[in-house]
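Asks: I'd like to ask you about the structure that follows.
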Amino acid sequence: MCLSIPSKVKSIDENNYAIVETLGVERGVSLDLISEPVSVGDYVLIHVGFAMEKIDTAYAIESLKAYEEIAKMMKDGTIDEFEGDMGLLSKNS
């Protein structure tokens, strides 16, 4: 299973290569697999170095807030790494 976190487009060069920011980390991705225009400030979902889909800004921001809340809860011990694993992991494994 793959989890893609919304990434904000920071810059795009002449080769359709973008620098995106994901939760404070910047990386480069190709925009070649997206059929619609992508601009600086847009949010995309990425997988193995390729932007796969452009997503709505409001949805992206809502998703990022949820990820940040989960990370905060894991950091302060409110939830542990096994909570919400849908039975796929075991505390004994």
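Lettering and numbering for the structure tokens are positional, with chains as A, B, ... in the shown order, residues counted from 1 in each chain, and ligands counted from 1 in the shown order.
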Determine which residues of chain A receive a DSSP assignment of strand (DSSP E), computed from the backbone, and state them as a PyMOL selection string.
Replies: chain A and resi 7-12+17-22+25-30+43-47+50-55
Asks: Find the residues around Asp32 in chain A up to 10 Å (only C-alpha atoms counted), leave out those fewer than 2 positions away in its own chain, and share them as a list in words.
Replies: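 The residues satisfying every condition are Asn15, Asn16, Tyr17, Val29, Ser30, Ile34, Ser35, Glu36, Phe50, Ala51 and Met52 of chain A.
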Asks: As a ChimeraX atom specification, please: the residues near range 67-70 of chain A (cut-off 12 Å, only C-alpha atoms, same-chain neighbours under 6 positions excluded).
Replies: /A:3-6,22-24,60-61,76-81,83-84
Asks: Looking at A:Ile55, A:Met74, A:Gly49, A:Glu62, which one is nearest to Ala18 in chain A, with distances taken over only C-alpha atoms?
Replies: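 Comparing A:Ile55, A:Met74, A:Gly49, A:Glu62 against Ala18 in chain A, the winner is A:Gly49.
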Asks: Using only C-alpha atoms, determine which residues lie at most 12 Å from Arg27 in chain A, disregarding the query and same-chain residues fewer than 6 positions distant; provide the list as a list in words.
Replies: Ser7, Lys8, Val9, Lys10, Ser11, Ile12, Tyr17, Ala18, Ile19, Val20, Glu21, Ile46, His47, Val48, Gly49, Phe50 and Ala51 of chain A
Asks: Generate a file of the selected residues that holds C-alpha atoms, formatted as an mmCIF file, in the first residue's frame.
Replies:
```
data_model
loop_
_atom_site.group_PDB
_atom_site.id
_atom_site.type_symbol
_atom_site.label_atom_id
_atom_site.label_comp_id
_atom_site.auth_asym_id
_atom_site.auth_seq_id
_atom_site.Cartn_x
_atom_site.Cartn_y
_atom_site.Cartn_z
ATOM 1 C CA SER A 7 3.254 18.175 -1.909
ATOM 2 C CA LYS A 8 3.282 21.869 -2.814
ATOM 3 C CA VAL A 9 4.954 22.870 -6.072
ATOM 4 C CA LYS A 10 7.696 25.436 -5.332
ATOM 5 C CA SER A 11 9.226 25.790 -8.817
ATOM 6 C CA ILE A 12 9.019 24.287 -12.303
ATOM 7 C CA TYR A 17 10.681 19.112 -13.548
ATOM 8 C CA ALA A 18 9.395 20.565 -10.294
ATOM 9 C CA ILE A 19 10.747 21.149 -6.826
ATOM 10 C CA VAL A 20 8.014 20.245 -4.346
ATOM 11 C CA GLU A 21 7.799 20.595 -0.579
ATOM 12 C CA ILE A 46 3.837 11.970 -5.916
ATOM 13 C CA HIS A 47 5.102 8.419 -6.266
ATOM 14 C CA VAL A 48 8.701 7.337 -6.945
ATOM 15 C CA GLY A 49 9.788 10.662 -8.361
ATOM 16 C CA PHE A 50 6.716 11.414 -10.470
ATOM 17 C CA ALA A 51 3.774 13.650 -9.729
#
```
Asks: Quick one, how far is CA of Lys75 in chain A from CA of Asp42 in chain A?
Replies: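 We find that CA of Lys75 in chain A and CA of Asp42 in chain A lie 29.2 Å from each other.
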